[in-house]
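S.K.: Got a structure for you, written out below as structure tokens; questions coming shortly.
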Amino acid sequence: MSMPRAPRKAQPPLALHDRALDDIRFIRETMERSGSFTAVSGRGGIVMGLVALLAAAGAQVPSSPSGWVAVWMGAAALALAVALWAMSSKARAAGTTLLAGAGTKFAWNVSPPLLVGGLLTLAFLREGLTELLPGTWLLMYGTGVVTGGAFSVRVVPLMGSLFMTLGAVALFAPASWGDGLMALGFGGLHLAFGGVIWRRYGG
């Protein structure tokens with residue numbers, strides 16, 4: 001008489017295992033997306049670049065340092081408005097807002113360098129050191145893009161590092177190079193990287 005065999009343990013269906021892996025993969029990808037600020041707008045960057053090129057041309061007209069500063073500060077205010085509008089529109093299209101999740105981290109990291117740049121601008125104007133402004137503006141803007149870009153797509157901090165490089169060059173270059181270097185940075189880099197972001201990251 002043969003001994004009865006112990007019942008085999010039921011094996012989980014393979015489909016259930018695959019489904020669990022898919023769920024884990026979906027959760028991981030969702031968390032990665034939520035940790036990145038993807039509302040940086042390529043189209044907005046292109047418009048900002050065009051504004052900067054116009055400013056570089058217009059800055060040749062004023063005959064006083066204060067007029068020159070006024071041209072560039074006006075362009076900066078317009079570019080900031082364009083950037084905020086473009087990012088807000090892109091965020092809404094993605095079903096989110098600028099001040100949610102990674103957007104808050106992006107804003108908190110971009111703001112301090114820009115604030116410092118504004119304070120240095122006032123100090124340099126008071127002391128008549130306008131020749132230091134192109135390098136300062138490029139450096140501080142680039143720093144903000146690098147620190148904020150840590151929460152965005154990889155191309156953003158890369159752009160910021162190139163702004164910082166141009167800023168370092170502008171600080172030690174002849175003052176006559178200032179408008180050209182800012183045209184290359186605020187104009188050329190925004191146009192080039194704006195096009196990349198537009199094509200690769202959805203607008």
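A note on labels: chains of the structure tokens are A, B, ... as shown, every chain counts residues from 1, and ligands are counted from 1 in their shown order.
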Looking only at helix (DSSP H, G or I) from DSSP on the backbone, list the matching residues of stretch 98-174 of chain A as a PyMOL selection string.
M.R.: chain A and resi 102-127+130-149+155-172
S.K.: So, with only C-alpha atoms as the atoms that count, which of A:Gly180, A:Gly42, A:Gly49, A:Gly118 lies closest to A:Arg199?
M.R.: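 Of all the options, A:Gly42 lies closest to A:Arg199.
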S.K.: Using only C-alpha atoms, which residues of stretch 48-110 of chain A come within 10 Å of stretch 142-160 of chain A, and what is the closest atom pair for each, with the distance in Å to one decimal? Give it as JSON lines, sorted by chain and residue number.
M.R.:
```
{"residue": "A:Ala102", "atom": "CA", "partner": "A:Phe151", "partner_atom": "CA", "distance": 6.4}
{"residue": "A:Gly103", "atom": "CA", "partner": "A:Phe151", "partner_atom": "CA", "distance": 8.1}
{"residue": "A:Thr104", "atom": "CA", "partner": "A:Phe151", "partner_atom": "CA", "distance": 9.7}
{"residue": "A:Lys105", "atom": "CA", "partner": "A:Phe151", "partner_atom": "CA", "distance": 7.0}
{"residue": "A:Phe106", "atom": "CA", "partner": "A:Gly148", "partner_atom": "CA", "distance": 4.5}
{"residue": "A:Ala107", "atom": "CA", "partner": "A:Gly148", "partner_atom": "CA", "distance": 6.8}
{"residue": "A:Trp108", "atom": "CA", "partner": "A:Gly148", "partner_atom": "CA", "distance": 7.6}
{"residue": "A:Asn109", "atom": "CA", "partner": "A:Gly148", "partner_atom": "CA", "distance": 4.8}
{"residue": "A:Val110", "atom": "CA", "partner": "A:Gly144", "partner_atom": "CA", "distance": 4.3}
```
S.K.: Just the selected residues (all heavy atoms), exported as an mmCIF file, in the first residue's frame, please.
M.R.:
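Below is the file selection-v8.cif, written as the result:
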```cif
data_model
loop_
_atom_site.group_PDB
_atom_site.id
_atom_site.type_symbol
_atom_site.label_atom_id
_atom_site.label_comp_id
_atom_site.auth_asym_id
_atom_site.auth_seq_id
_atom_site.Cartn_x
_atom_site.Cartn_y
_atom_site.Cartn_z
ATOM 1 N N ALA A 102 7.382 69.652 -7.228
ATOM 2 C CA ALA A 102 8.713 70.087 -7.641
ATOM 3 C C ALA A 102 8.736 71.541 -8.077
ATOM 4 O O ALA A 102 9.790 72.182 -8.044
ATOM 5 C CB ALA A 102 9.215 69.196 -8.779
ATOM 6 N N GLY A 103 7.589 72.088 -8.467
ATOM 7 C CA GLY A 103 7.533 73.491 -8.855
ATOM 8 C C GLY A 103 7.919 74.415 -7.712
ATOM 9 O O GLY A 103 8.587 75.429 -7.913
ATOM 10 N N THR A 104 7.495 74.067 -6.499
ATOM 11 C CA THR A 104 7.860 74.867 -5.328
ATOM 12 C C THR A 104 9.355 74.812 -5.081
ATOM 13 O O THR A 104 9.992 75.838 -4.797
ATOM 14 C CB THR A 104 7.106 74.352 -4.091
ATOM 15 O OG1 THR A 104 5.691 74.395 -4.344
ATOM 16 C CG2 THR A 104 7.420 75.204 -2.876
ATOM 17 N N LYS A 105 9.950 73.628 -5.185
ATOM 18 C CA LYS A 105 11.396 73.487 -4.997
ATOM 19 C C LYS A 105 12.150 74.285 -6.055
ATOM 20 O O LYS A 105 13.156 74.932 -5.766
ATOM 21 C CB LYS A 105 11.793 72.012 -5.068
ATOM 22 C CG LYS A 105 11.189 71.152 -3.971
ATOM 23 C CD LYS A 105 11.592 69.690 -4.159
ATOM 24 C CE LYS A 105 10.946 68.807 -3.111
ATOM 25 N NZ LYS A 105 11.294 67.374 -3.321
ATOM 26 N N PHE A 106 11.662 74.226 -7.295
ATOM 27 C CA PHE A 106 12.290 74.972 -8.381
ATOM 28 C C PHE A 106 12.287 76.460 -8.068
ATOM 29 O O PHE A 106 13.315 77.143 -8.189
ATOM 30 C CB PHE A 106 11.543 74.686 -9.685
ATOM 31 C CG PHE A 106 12.107 75.372 -10.897
ATOM 32 C CD1 PHE A 106 13.136 74.792 -11.625
ATOM 33 C CD2 PHE A 106 11.613 76.596 -11.312
ATOM 34 C CE1 PHE A 106 13.670 75.416 -12.740
ATOM 35 C CE2 PHE A 106 12.140 77.233 -12.433
ATOM 36 C CZ PHE A 106 13.164 76.639 -13.142
ATOM 37 N N ALA A 107 11.125 76.989 -7.651
ATOM 38 C CA ALA A 107 11.006 78.416 -7.370
ATOM 39 C C ALA A 107 11.901 78.843 -6.204
ATOM 40 O O ALA A 107 12.580 79.875 -6.271
ATOM 41 C CB ALA A 107 9.553 78.765 -7.064
ATOM 42 N N TRP A 108 11.934 78.045 -5.141
ATOM 43 C CA TRP A 108 12.745 78.386 -3.976
ATOM 44 C C TRP A 108 14.231 78.387 -4.301
ATOM 45 O O TRP A 108 15.017 79.131 -3.693
ATOM 46 C CB TRP A 108 12.469 77.416 -2.830
ATOM 47 C CG TRP A 108 11.290 77.800 -1.996
ATOM 48 C CD1 TRP A 108 10.083 77.161 -1.936
ATOM 49 C CD2 TRP A 108 11.188 78.911 -1.098
ATOM 50 N NE1 TRP A 108 9.229 77.798 -1.077
ATOM 51 C CE2 TRP A 108 9.879 78.881 -0.541
ATOM 52 C CE3 TRP A 108 12.046 79.930 -0.715
ATOM 53 C CZ2 TRP A 108 9.441 79.832 0.380
ATOM 54 C CZ3 TRP A 108 11.600 80.885 0.199
ATOM 55 C CH2 TRP A 108 10.326 80.827 0.736
ATOM 56 N N ASN A 109 14.661 77.577 -5.246
ATOM 57 C CA ASN A 109 16.080 77.495 -5.582
ATOM 58 C C ASN A 109 16.490 78.505 -6.644
ATOM 59 O O ASN A 109 17.661 78.910 -6.685
ATOM 60 C CB ASN A 109 16.431 76.074 -6.042
ATOM 61 C CG ASN A 109 16.577 75.117 -4.880
ATOM 62 O OD1 ASN A 109 17.647 74.964 -4.318
ATOM 63 N ND2 ASN A 109 15.477 74.477 -4.490
ATOM 64 N N VAL A 110 15.550 78.921 -7.485
ATOM 65 C CA VAL A 110 15.854 79.935 -8.491
ATOM 66 C C VAL A 110 15.894 81.331 -7.867
ATOM 67 O O VAL A 110 16.730 82.163 -8.224
ATOM 68 C CB VAL A 110 14.819 79.889 -9.639
ATOM 69 C CG1 VAL A 110 14.934 81.129 -10.518
ATOM 70 C CG2 VAL A 110 15.013 78.648 -10.483
#
```
S.K.: Kindly indicate which residue among A:Thr165, A:Gln60, A:Ser111, A:Ser41 lies nearest to A:Lys90, using only C-alpha atoms for the distances.
M.R.: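 Among the listed residues, the smallest separation from A:Lys90 belongs to A:Ser41.
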S.K.: I'd like the neighbourhood of A:Ser66 as a count of residues only, where a residue qualifies if any of its atoms comes within 10 Å (using only C-alpha atoms), though same-chain residues fewer than 6 positions away should be ignored.
M.R.: 3
S.K.: Name the closest residue to A:Leu138 among the candidates A:Leu122, A:Ala70, A:Val116, A:Leu166; distances are taken between atoms, counting only C-alpha atoms.
M.R.: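 Checking each of A:Leu122, A:Ala70, A:Val116, A:Leu166 against A:Leu138, counting only C-alpha atoms, the winner is A:Leu166.
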S.K.: Could you check the closest approach to A:Leu50 for each of A:Thr97, A:Gly194, A:Val69, A:Ser161 and tell me which residue wins, using only C-alpha atoms?
M.R.: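 Using only C-alpha atoms, the shortest distance to A:Leu50 belongs to A:Gly194.
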S.K.: Please report the interatomic distance between atom CA of A:Gly135 and atom CA of A:Leu114 in Å with one decimal.
M.R.: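 One can read the atom CA of A:Gly135 to atom CA of A:Leu114 distance as 13.4 Å.
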S.K.: So which one's closest to A:Leu54, A:Gly187, A:Pro174, A:Pro134, A:Pro113? Using only C-alpha atoms, please.
M.R.: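 With only C-alpha atoms as the atom set, the closest residue is A:Gly187.
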S.K.: Find the residue from A:Leu120, A:Leu191, A:Leu133, A:Leu184 that sits nearest to A:Trp68; use only C-alpha atoms when measuring.
M.R.: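 Going through A:Leu120, A:Leu191, A:Leu133, A:Leu184 one by one, the smallest distance to A:Trp68 is for A:Leu133.
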S.K.: For atom CA of A:Gly95 and atom CA of A:Phe186, determine how far apart the two atoms are, in Å to one decimal place.
M.R.: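 Taking atom CA of A:Gly95 as the start and atom CA of A:Phe186 as the end point, the length is 29.5 Å.
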S.K.: Any idea what the distance is between atom CA of A:Leu129 and atom CA of A:Ser176?
M.R.: 13.7 Å
